[in-house]
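Reproduced below: structure04.cif, with mmCIF, C-alpha atoms; chains and numbers go by the auth columns.
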```cif
data_start
loop_
_atom_site.group_PDB
_atom_site.id
_atom_site.type_symbol
_atom_site.label_atom_id
_atom_site.label_comp_id
_atom_site.label_asym_id
_atom_site.label_seq_id
_atom_site.Cartn_x
_atom_site.Cartn_y
_atom_site.Cartn_z
_atom_site.B_iso_or_equiv
_atom_site.auth_seq_id
_atom_site.auth_asym_id
ATOM 1 C CA MET A 1 2.666 12.859 15.285 0.00 1079 N
ATOM 2 C CA SER A 2 0.132 13.629 12.573 0.00 1080 N
ATOM 3 C CA TYR A 3 1.274 13.977 8.956 0.00 1081 N
ATOM 4 C CA CYS A 4 -0.284 16.456 6.508 0.00 1082 N
ATOM 5 C CA LEU A 5 -1.553 14.902 3.251 0.00 1083 N
ATOM 6 C CA ASN A 6 -1.205 18.115 1.252 0.00 1084 N
ATOM 7 C CA LEU A 7 1.493 17.250 -1.298 0.00 1085 N
ATOM 8 C CA ASN A 8 2.673 20.871 -1.366 0.00 1086 N
ATOM 9 C CA CYS A 9 2.994 21.303 2.388 0.00 1087 N
ATOM 10 C CA GLN A 10 6.518 22.409 3.304 0.00 1088 N
ATOM 11 C CA GLN A 11 6.408 21.104 6.910 0.00 1089 N
ATOM 12 C CA PRO A 12 3.882 18.240 7.058 0.00 1090 N
ATOM 13 C CA GLN A 13 4.680 17.029 10.611 0.00 1091 N
ATOM 14 C CA ASN A 14 2.123 18.135 13.214 0.00 1092 N
ATOM 15 C CA PRO A 15 1.327 17.308 16.837 0.00 1093 N
ATOM 16 C CA ASN A 16 -1.381 14.671 17.429 0.00 1094 N
ATOM 17 C CA ASP A 17 -3.822 17.044 19.059 0.00 1095 N
ATOM 18 C CA VAL A 18 -4.464 19.431 16.125 0.00 1096 N
ATOM 19 C CA GLU A 19 -7.202 19.113 13.488 0.00 1097 N
ATOM 20 C CA PHE A 20 -5.549 21.258 10.820 0.00 1098 N
ATOM 21 C CA CYS A 21 -1.983 21.435 9.590 0.00 1099 N
ATOM 22 C CA GLN A 22 -0.070 24.163 11.390 0.00 1100 N
ATOM 23 C CA THR A 23 1.836 24.985 8.184 0.00 1101 N
ATOM 24 C CA CYS A 24 -0.716 24.937 5.348 0.00 1102 N
ATOM 25 C CA GLY A 25 -4.090 24.711 7.108 0.00 1103 N
ATOM 26 C CA SER A 26 -5.202 21.433 5.475 0.00 1104 N
ATOM 27 C CA LYS A 27 -7.349 19.114 7.586 0.00 1105 N
ATOM 28 C CA LEU A 28 -5.352 16.237 8.993 0.00 1106 N
ATOM 29 C CA LEU A 29 -7.929 13.446 9.390 0.00 1107 N
ATOM 30 C CA LEU A 30 -9.285 11.625 6.373 0.00 1108 N
ATOM 31 C CA ARG A 31 -12.976 10.856 6.734 0.00 1109 N
ATOM 32 C CA GLY A 32 -12.645 12.093 10.296 0.00 1110 N
ATOM 33 C CA HIS A 33 -10.800 9.005 11.555 0.00 1111 N
ATOM 34 C CA TYR A 34 -7.781 8.047 9.413 0.00 1112 N
ATOM 35 C CA GLN A 35 -4.694 9.807 10.771 0.00 1113 N
ATOM 36 C CA ALA A 36 -1.528 9.715 8.654 0.00 1114 N
ATOM 37 C CA ILE A 37 1.632 9.285 10.745 0.00 1115 N
ATOM 38 C CA LYS A 38 4.514 9.257 8.253 0.00 1116 N
ATOM 39 C CA PRO A 39 5.305 8.382 4.630 0.00 1117 N
ATOM 40 C CA ILE A 40 6.631 4.852 4.092 0.00 1118 N
ATOM 41 C CA GLY A 41 6.785 4.670 0.299 0.00 1119 N
ATOM 42 C CA ASN A 42 6.705 6.705 -2.868 0.00 1120 N
ATOM 43 C CA GLY A 43 6.046 5.787 -6.482 0.00 1121 N
ATOM 44 C CA ASN A 44 5.014 7.121 -9.857 0.00 1122 N
ATOM 45 C CA PHE A 45 1.339 7.067 -8.945 0.00 1123 N
ATOM 46 C CA GLY A 46 1.451 8.385 -5.414 0.00 1124 N
ATOM 47 C CA ARG A 47 2.685 7.698 -1.954 0.00 1125 N
ATOM 48 C CA THR A 48 2.003 5.289 0.864 0.00 1126 N
ATOM 49 C CA LEU A 49 1.673 6.413 4.458 0.00 1127 N
ATOM 50 C CA LEU A 50 1.632 4.654 7.785 0.00 1128 N
ATOM 51 C CA ALA A 51 -1.584 5.629 9.538 0.00 1129 N
ATOM 52 C CA VAL A 52 -3.957 4.747 12.355 0.00 1130 N
ATOM 53 C CA ASP A 53 -7.710 4.317 12.314 0.00 1131 N
ATOM 54 C CA LEU A 54 -8.998 6.289 15.280 0.00 1132 N
ATOM 55 C CA ASP A 55 -12.419 4.588 15.041 0.00 1133 N
ATOM 56 C CA ARG A 56 -10.717 1.215 15.547 0.00 1134 N
ATOM 57 C CA PHE A 57 -8.741 2.057 18.699 0.00 1135 N
ATOM 58 C CA LYS A 58 -5.779 3.445 16.738 0.00 1136 N
ATOM 59 C CA THR A 59 -5.357 0.261 14.701 0.00 1137 N
ATOM 60 C CA PRO A 60 -2.367 0.701 12.378 0.00 1138 N
ATOM 61 C CA CYS A 61 -3.211 0.784 8.675 0.00 1139 N
ATOM 62 C CA VAL A 62 -1.832 2.018 5.370 0.00 1140 N
ATOM 63 C CA ILE A 63 -3.100 4.941 3.321 0.00 1141 N
ATOM 64 C CA LYS A 64 -2.281 4.975 -0.372 0.00 1142 N
ATOM 65 C CA GLN A 65 -2.662 8.483 -1.748 0.00 1143 N
ATOM 66 C CA PHE A 66 -3.131 8.679 -5.497 0.00 1144 N
ATOM 67 C CA SER A 67 -1.047 11.520 -6.919 0.00 1145 N
ATOM 68 C CA PRO A 68 0.532 10.708 -10.295 0.00 1146 N
ATOM 69 C CA LYS A 69 3.750 12.519 -11.151 0.00 1147 N
ATOM 70 C CA ASN A 70 2.955 12.550 -14.868 0.00 1148 N
ATOM 71 C CA HIS A 71 0.420 15.303 -15.474 0.00 1149 N
ATOM 72 C CA ASN A 72 -0.532 14.119 -18.959 0.00 1150 N
ATOM 73 C CA LEU A 73 -4.353 13.938 -18.811 0.00 1151 N
ATOM 74 C CA LEU A 74 -4.576 10.603 -20.640 0.00 1152 N
ATOM 75 C CA CYS A 75 -1.950 9.006 -18.355 0.00 1153 N
ATOM 76 C CA THR A 76 -3.550 10.477 -15.254 0.00 1154 N
ATOM 77 C CA ASN A 77 -6.993 9.187 -16.212 0.00 1155 N
ATOM 78 C CA LYS A 78 -5.646 5.696 -16.890 0.00 1156 N
ATOM 79 C CA ALA A 79 -3.652 5.722 -13.636 0.00 1157 N
ATOM 80 C CA SER A 80 -6.764 6.822 -11.735 0.00 1158 N
ATOM 81 C CA GLU A 81 -8.735 3.973 -13.288 0.00 1159 N
ATOM 82 C CA LEU A 82 -6.018 1.480 -12.268 0.00 1160 N
ATOM 83 C CA PHE A 83 -5.927 2.868 -8.718 0.00 1161 N
ATOM 84 C CA LYS A 84 -9.685 2.425 -8.355 0.00 1162 N
ATOM 85 C CA ARG A 85 -9.424 -1.050 -9.919 0.00 1163 N
ATOM 86 C CA GLU A 86 -6.825 -2.026 -7.307 0.00 1164 N
ATOM 87 C CA ALA A 87 -9.290 -1.097 -4.564 0.00 1165 N
ATOM 88 C CA LYS A 88 -12.072 -3.116 -6.206 0.00 1166 N
ATOM 89 C CA GLN A 89 -9.726 -6.074 -6.669 0.00 1167 N
ATOM 90 C CA LEU A 90 -8.718 -6.048 -2.987 0.00 1168 N
ATOM 91 C CA LEU A 91 -12.374 -5.972 -1.986 0.00 1169 N
ATOM 92 C CA LYS A 92 -13.253 -8.898 -4.276 0.00 1170 N
ATOM 93 C CA LEU A 93 -10.283 -10.977 -3.111 0.00 1171 N
ATOM 94 C CA GLY A 94 -11.593 -10.846 0.432 0.00 1172 N
ATOM 95 C CA GLU A 95 -9.662 -12.055 3.434 0.00 1173 N
ATOM 96 C CA ASN A 96 -6.364 -13.780 2.691 0.00 1174 N
ATOM 97 C CA PRO A 97 -3.397 -13.873 5.073 0.00 1175 N
ATOM 98 C CA GLN A 98 -1.017 -13.046 2.215 0.00 1176 N
ATOM 99 C CA ILE A 99 -2.882 -10.040 0.813 0.00 1177 N
ATOM 100 C CA PRO A 100 -3.662 -6.851 2.767 0.00 1178 N
ATOM 101 C CA SER A 101 -7.328 -6.508 3.749 0.00 1179 N
ATOM 102 C CA PHE A 102 -9.293 -3.740 2.090 0.00 1180 N
ATOM 103 C CA TYR A 103 -10.644 -1.103 4.487 0.00 1181 N
ATOM 104 C CA ALA A 104 -11.822 1.801 2.315 0.00 1182 N
ATOM 105 C CA TYR A 105 -11.609 3.614 -0.997 0.00 1183 N
ATOM 106 C CA PHE A 106 -12.764 7.208 -1.253 0.00 1184 N
ATOM 107 C CA GLU A 107 -12.160 10.594 -2.786 0.00 1185 N
ATOM 108 C CA GLU A 108 -11.678 13.590 -0.574 0.00 1186 N
ATOM 109 C CA ASP A 109 -10.447 17.119 -1.321 0.00 1187 N
ATOM 110 C CA GLU A 110 -9.817 16.231 -4.989 0.00 1188 N
ATOM 111 C CA ASN A 111 -7.596 13.264 -4.056 0.00 1189 N
ATOM 112 C CA SER A 112 -8.213 9.507 -4.165 0.00 1190 N
ATOM 113 C CA TYR A 113 -7.282 7.261 -1.259 0.00 1191 N
ATOM 114 C CA LEU A 114 -7.097 3.546 -0.615 0.00 1192 N
ATOM 115 C CA VAL A 115 -6.895 2.375 3.001 0.00 1193 N
ATOM 116 C CA GLU A 116 -5.759 -1.164 3.713 0.00 1194 N
ATOM 117 C CA GLU A 117 -4.347 -3.413 6.386 0.00 1195 N
ATOM 118 C CA LEU A 118 -0.777 -2.776 7.500 0.00 1196 N
ATOM 119 C CA ILE A 119 1.408 -5.833 7.002 0.00 1197 N
ATOM 120 C CA THR A 120 4.743 -5.656 8.778 0.00 1198 N
ATOM 121 C CA GLY A 121 7.964 -7.511 8.208 0.00 1199 N
ATOM 122 C CA LYS A 122 10.884 -7.602 5.834 0.00 1200 N
ATOM 123 C CA ASN A 123 9.932 -7.356 2.169 0.00 1201 N
ATOM 124 C CA LEU A 124 11.508 -9.376 -0.617 0.00 1202 N
ATOM 125 C CA LEU A 125 13.585 -6.408 -1.821 0.00 1203 N
ATOM 126 C CA GLN A 126 15.050 -5.915 1.676 0.00 1204 N
ATOM 127 C CA GLU A 127 15.762 -9.648 1.871 0.00 1205 N
ATOM 128 C CA LEU A 128 17.543 -9.579 -1.491 0.00 1206 N
ATOM 129 C CA GLU A 129 19.607 -6.561 -0.437 0.00 1207 N
ATOM 130 C CA ALA A 130 20.573 -8.216 2.854 0.00 1208 N
ATOM 131 C CA GLU A 131 21.193 -11.759 1.606 0.00 1209 N
ATOM 132 C CA GLY A 132 22.027 -11.283 -2.067 0.00 1210 N
ATOM 133 C CA GLU A 133 20.401 -13.164 -4.918 0.00 1211 N
ATOM 134 C CA PHE A 134 18.449 -16.339 -4.225 0.00 1212 N
ATOM 135 C CA SER A 135 20.970 -18.632 -5.874 0.00 1213 N
ATOM 136 C CA GLY A 136 23.838 -20.914 -5.028 0.00 1214 N
ATOM 137 C CA LYS A 137 24.192 -23.764 -2.575 0.00 1215 N
ATOM 138 C CA LYS A 138 23.855 -21.579 0.529 0.00 1216 N
ATOM 139 C CA ASN A 139 20.423 -20.264 -0.440 0.00 1217 N
ATOM 140 C CA LEU A 140 19.169 -23.558 -1.891 0.00 1218 N
ATOM 141 C CA GLU A 141 19.871 -25.257 1.421 0.00 1219 N
ATOM 142 C CA ASN A 142 17.834 -22.618 3.219 0.00 1220 N
ATOM 143 C CA ASN A 143 14.287 -24.047 3.276 0.00 1221 N
ATOM 144 C CA GLU A 144 12.931 -20.703 4.438 0.00 1222 N
ATOM 145 C CA THR A 145 14.281 -18.974 1.327 0.00 1223 N
ATOM 146 C CA VAL A 146 12.856 -21.624 -1.004 0.00 1224 N
ATOM 147 C CA CYS A 147 9.507 -21.411 0.771 0.00 1225 N
ATOM 148 C CA TYR A 148 9.602 -17.606 0.542 0.00 1226 N
ATOM 149 C CA VAL A 149 10.144 -17.661 -3.221 0.00 1227 N
ATOM 150 C CA GLN A 150 7.515 -20.390 -3.718 0.00 1228 N
ATOM 151 C CA ASP A 151 4.941 -18.458 -1.699 0.00 1229 N
ATOM 152 C CA SER A 152 5.744 -15.242 -3.568 0.00 1230 N
ATOM 153 C CA LEU A 153 5.159 -17.021 -6.862 0.00 1231 N
ATOM 154 C CA CYS A 154 1.902 -18.497 -5.520 0.00 1232 N
ATOM 155 C CA ILE A 155 0.647 -15.027 -4.598 0.00 1233 N
ATOM 156 C CA MET A 156 1.398 -13.773 -8.113 0.00 1234 N
ATOM 157 C CA LEU A 157 -0.316 -16.830 -9.642 0.00 1235 N
ATOM 158 C CA PHE A 158 -3.300 -16.424 -7.291 0.00 1236 N
ATOM 159 C CA ASN A 159 -3.560 -12.775 -8.311 0.00 1237 N
ATOM 160 C CA ASP A 160 -3.440 -13.677 -12.025 0.00 1238 N
ATOM 161 C CA ILE A 161 -6.102 -16.399 -11.630 0.00 1239 N
ATOM 162 C CA ILE A 162 -8.423 -14.061 -9.738 0.00 1240 N
ATOM 163 C CA CYS A 163 -7.843 -11.324 -12.311 0.00 1241 N
ATOM 164 C CA ASN A 164 -8.728 -13.713 -15.128 0.00 1242 N
ATOM 165 C CA LEU A 165 -11.843 -14.909 -13.312 0.00 1243 N
ATOM 166 C CA LEU A 166 -12.933 -11.334 -12.640 0.00 1244 N
ATOM 167 C CA HIS A 167 -11.948 -10.169 -16.134 0.00 1245 N
ATOM 168 C CA ILE A 168 -9.709 -7.407 -14.876 0.00 1246 N
ATOM 169 C CA SER A 169 -6.093 -6.641 -15.598 0.00 1247 N
ATOM 170 C CA GLY A 170 -3.533 -7.685 -12.998 0.00 1248 N
ATOM 171 C CA SER A 171 -1.915 -5.562 -10.370 0.00 1249 N
ATOM 172 C CA THR A 172 0.769 -3.160 -11.497 0.00 1250 N
ATOM 173 C CA GLU A 173 2.386 -3.626 -8.097 0.00 1251 N
ATOM 174 C CA THR A 174 4.135 -7.004 -8.549 0.00 1252 N
ATOM 175 C CA ARG A 175 7.528 -5.868 -7.288 0.00 1253 N
ATOM 176 C CA PRO A 176 9.888 -7.368 -4.687 0.00 1254 N
ATOM 177 C CA ASN A 177 9.204 -4.595 -2.175 0.00 1255 N
ATOM 178 C CA ASN A 178 5.503 -5.557 -2.108 0.00 1256 N
ATOM 179 C CA PHE A 179 6.092 -9.067 -0.742 0.00 1257 N
ATOM 180 C CA ILE A 180 6.452 -9.190 3.037 0.00 1258 N
ATOM 181 C CA LYS A 181 8.471 -12.073 4.431 0.00 1259 N
ATOM 182 C CA ASP A 182 6.757 -12.437 7.804 0.00 1260 N
ATOM 183 C CA ILE A 183 3.403 -13.423 6.268 0.00 1261 N
ATOM 184 C CA LEU A 184 4.845 -15.909 3.805 0.00 1262 N
ATOM 185 C CA CYS A 185 5.671 -19.524 4.661 0.00 1263 N
ATOM 186 C CA THR A 186 3.022 -19.853 7.349 0.00 1264 N
#
```
What do you get writing this file as structure tokens?
Amino acid sequence: MSYCLNLNCQQPQNPNDVEFCQTCGSKLLLRGHYQAIKPIGNGNFGRTLLAVDLDRFKTPCVIKQFSPKNHNLLCTNKASELFKREAKQLLKLGENPQIPSFYAYFEEDENSYLVEELITGKNLLQELEAEGEFSGKKNLENNETVCYVQDSLCIMLFNDIICNLLHISGSTETRPNNFIKDILCT
């Protein structure tokens, strides 16, 4: 399955073996090797898609497509600046097992994209929904839960320290659904 990145496409699902969307005619590969598979998240500033890098033996990755819902020019310009800053911040942070690796940032067909490592597992929001709040005797006795919260806080602190050192504002993405359980507490 190949997924069309045209935000206005009415039927974005396509077979793997086509270069252009069968519905709208948009090209399906970004930079000739990033193939979107399906959307996995949506927000005010765009969407996130599961993808594969065909130049890296179909290695799974994530494509963040910048497409702000607010069409106010001032807001859009600021959001675009923050999106680009996120890419630069990921690049400067380098390799860290608790932060997705930066693969690419580029603009193509009047859209901005950030490609990064796919990190799998249950995120903090899913954990909260499944287990309830991290409080009470049951959760305090669970060392894994305590470790999870401690590691999440360490990531946020690490991000803030790096941002201060690099003189950039912090990530706007510090939300429970951006912390993946499987990479914490290692």
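The shortest atom-to-atom distance to Lys1162 of chain N, with all atoms listed in the file taken into account, belongs to N:Ser1190 out of N:Asn1174, N:Asn1150, N:Asn1086, N:Ser1190.
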Taking all atoms listed in the file into account, which of N:Leu1127, N:Ala1157, N:Cys1082, N:Leu1168 comes nearest Leu1106 of chain N?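 Closest residue, counting all atoms listed in the file: N:Cys1082.
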I'd like the residues picked by the PyMOL selection byres ((chain N and resi 1116) around 8) written out as a PDB file with C-alpha atoms, in the frame of the given file, using the chain letters and numbers from the file.
```pdb
ATOM      1  CA  SER N1080       0.132  13.629  12.573  1.00  0.00           C
ATOM      2  CA  TYR N1081       1.274  13.977   8.956  1.00  0.00           C
ATOM      3  CA  ALA N1114      -1.528   9.715   8.654  1.00  0.00           C
ATOM      4  CA  ILE N1115       1.632   9.285  10.745  1.00  0.00           C
ATOM      5  CA  PRO N1117       5.305   8.382   4.630  1.00  0.00           C
ATOM      6  CA  ILE N1118       6.631   4.852   4.092  1.00  0.00           C
ATOM      7  CA  LEU N1127       1.673   6.413   4.458  1.00  0.00           C
ATOM      8  CA  LEU N1128       1.632   4.654   7.785  1.00  0.00           C
ATOM      9  CA  ALA N1129      -1.584   5.629   9.538  1.00  0.00           C
TER      10      ALA N1129
END
```
Counting all atoms listed in the file, figure out which residue out of N:Tyr1181, N:Leu1108, N:Asp1095, N:Lys1200 gets nearest to Lys1166 of chain N.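 Closest to Lys1166 of chain N of all the choices is N:Tyr1181.
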Using only C-alpha atoms, which of N:Glu1207, N:Glu1188, N:Glu1195, N:Gly1103 sits nearest Gln1089 of chain N? N:Gly1103
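Residues captured in this structure file are Arg1163, Glu1164, Ala1165, Lys1166, Gln1167, Leu1168, Lys1170, Leu1171, Gly1172, Glu1173, Pro1178, Ser1179, Phe1180, Tyr1181, Ala1182, Tyr1183 and Glu1194 of chain N, according to the PyMOL selection byres ((chain N and resi 1169) around 10).
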Tell me which of N:Asn1189, N:Asn1094, N:Cys1102, N:Cys1087 sits closest to Gly1124 of chain N, counting only C-alpha atoms.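 Comparing N:Asn1189, N:Asn1094, N:Cys1102, N:Cys1087 against Gly1124 of chain N, the winner is N:Asn1189.
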Of the candidates N:Pro1090, N:Gly1110, N:Pro1175, N:Gly1199, which one gets nearest to Val1130 of chain N if we count only C-alpha atoms? N:Gly1110
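Between atom CA of Asn1155 of chain N and atom CA of Phe1123 of chain N lies a distance of 11.3 Å.
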Atom CA of Thr1101 of chain N and atom CA of Gln1088 of chain N, how far apart in Å?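 Atom-to-atom, atom CA of Gln1088 of chain N to atom CA of Thr1101 of chain N, that is 7.2 Å.
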Could you tell me how far atom CA of Ser1104 of chain N lies from atom CA of Leu1196 of chain N, in Å and to one decimal?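 Interatomic distance, atom CA of Ser1104 of chain N to atom CA of Leu1196 of chain N: 24.7 Å.
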What would segment 1121-1141 of chain N look like if you wrote it out as a PDB file, in the first residue's frame, with N, CA and C atoms included, from the block I just posted?
```pdb
ATOM      1  N   GLY N1121      -2.502  16.544  13.811  1.00  0.00           N
ATOM      2  CA  GLY N1121      -2.444  17.630  14.780  1.00  0.00           C
ATOM      3  C   GLY N1121      -2.747  18.955  14.123  1.00  0.00           C
ATOM      4  N   ASN N1122      -2.575  20.022  14.884  1.00  0.00           N
ATOM      5  CA  ASN N1122      -2.856  21.357  14.362  1.00  0.00           C
ATOM      6  C   ASN N1122      -1.867  21.800  13.301  1.00  0.00           C
ATOM      7  N   PHE N1123      -0.667  21.218  13.305  1.00  0.00           N
ATOM      8  CA  PHE N1123       0.352  21.661  12.372  1.00  0.00           C
ATOM      9  C   PHE N1123       0.634  20.659  11.268  1.00  0.00           C
ATOM     10  N   GLY N1124      -0.112  19.583  11.212  1.00  0.00           N
ATOM     11  CA  GLY N1124       0.110  18.629  10.145  1.00  0.00           C
ATOM     12  C   GLY N1124      -0.272  17.226  10.538  1.00  0.00           C
ATOM     13  N   ARG N1125       0.306  16.294   9.817  1.00  0.00           N
ATOM     14  CA  ARG N1125       0.019  14.892  10.101  1.00  0.00           C
ATOM     15  C   ARG N1125       1.301  14.082  10.083  1.00  0.00           C
ATOM     16  N   THR N1126       1.207  12.913  10.687  1.00  0.00           N
ATOM     17  CA  THR N1126       2.338  12.000  10.781  1.00  0.00           C
ATOM     18  C   THR N1126       1.946  10.716  10.074  1.00  0.00           C
ATOM     19  N   LEU N1127       2.861  10.205   9.258  1.00  0.00           N
ATOM     20  CA  LEU N1127       2.578   9.008   8.484  1.00  0.00           C
ATOM     21  C   LEU N1127       3.641   7.943   8.701  1.00  0.00           C
ATOM     22  N   LEU N1128       3.188   6.709   8.785  1.00  0.00           N
ATOM     23  CA  LEU N1128       4.098   5.576   8.761  1.00  0.00           C
ATOM     24  C   LEU N1128       4.617   5.480   7.337  1.00  0.00           C
ATOM     25  N   ALA N1129       5.911   5.227   7.194  1.00  0.00           N
ATOM     26  CA  ALA N1129       6.504   5.169   5.860  1.00  0.00           C
ATOM     27  C   ALA N1129       7.630   4.157   5.842  1.00  0.00           C
ATOM     28  N   VAL N1130       8.184   3.936   4.662  1.00  0.00           N
ATOM     29  CA  VAL N1130       9.390   3.127   4.505  1.00  0.00           C
ATOM     30  C   VAL N1130      10.375   3.901   3.642  1.00  0.00           C
ATOM     31  N   ASP N1131      11.647   3.669   3.911  1.00  0.00           N
ATOM     32  CA  ASP N1131      12.714   4.261   3.110  1.00  0.00           C
ATOM     33  C   ASP N1131      13.190   3.187   2.142  1.00  0.00           C
ATOM     34  N   LEU N1132      12.852   3.340   0.885  1.00  0.00           N
ATOM     35  CA  LEU N1132      13.183   2.328  -0.113  1.00  0.00           C
ATOM     36  C   LEU N1132      14.682   2.226  -0.365  1.00  0.00           C
ATOM     37  N   ASP N1133      15.432   3.308  -0.092  1.00  0.00           N
ATOM     38  CA  ASP N1133      16.889   3.278  -0.249  1.00  0.00           C
ATOM     39  C   ASP N1133      17.580   2.555   0.906  1.00  0.00           C
ATOM     40  N   ARG N1134      16.833   2.266   1.955  1.00  0.00           N
ATOM     41  CA  ARG N1134      17.393   1.574   3.123  1.00  0.00           C
ATOM     42  C   ARG N1134      16.666   0.249   3.333  1.00  0.00           C
ATOM     43  N   PHE N1135      16.433  -0.465   2.253  1.00  0.00           N
ATOM     44  CA  PHE N1135      15.812  -1.794   2.287  1.00  0.00           C
ATOM     45  C   PHE N1135      14.450  -1.782   2.981  1.00  0.00           C
ATOM     46  N   LYS N1136      13.652  -0.779   2.667  1.00  0.00           N
ATOM     47  CA  LYS N1136      12.302  -0.627   3.215  1.00  0.00           C
ATOM     48  C   LYS N1136      12.298  -0.488   4.733  1.00  0.00           C
ATOM     49  N   THR N1137      13.303   0.205   5.267  1.00  0.00           N
ATOM     50  CA  THR N1137      13.353   0.469   6.702  1.00  0.00           C
ATOM     51  C   THR N1137      12.167   1.346   7.087  1.00  0.00           C
ATOM     52  N   PRO N1138      11.397   0.933   8.091  1.00  0.00           N
ATOM     53  CA  PRO N1138      10.275   1.768   8.538  1.00  0.00           C
ATOM     54  C   PRO N1138      10.780   3.111   9.087  1.00  0.00           C
ATOM     55  N   CYS N1139      10.008   4.150   8.837  1.00  0.00           N
ATOM     56  CA  CYS N1139      10.333   5.481   9.340  1.00  0.00           C
ATOM     57  C   CYS N1139       9.023   6.257   9.500  1.00  0.00           C
ATOM     58  N   VAL N1140       9.153   7.495   9.915  1.00  0.00           N
ATOM     59  CA  VAL N1140       7.997   8.361  10.110  1.00  0.00           C
ATOM     60  C   VAL N1140       8.184   9.609   9.259  1.00  0.00           C
ATOM     61  N   ILE N1141       7.133  10.001   8.576  1.00  0.00           N
ATOM     62  CA  ILE N1141       7.131  11.263   7.834  1.00  0.00           C
ATOM     63  C   ILE N1141       6.187  12.212   8.554  1.00  0.00           C
TER      64      ILE N1141
END
```
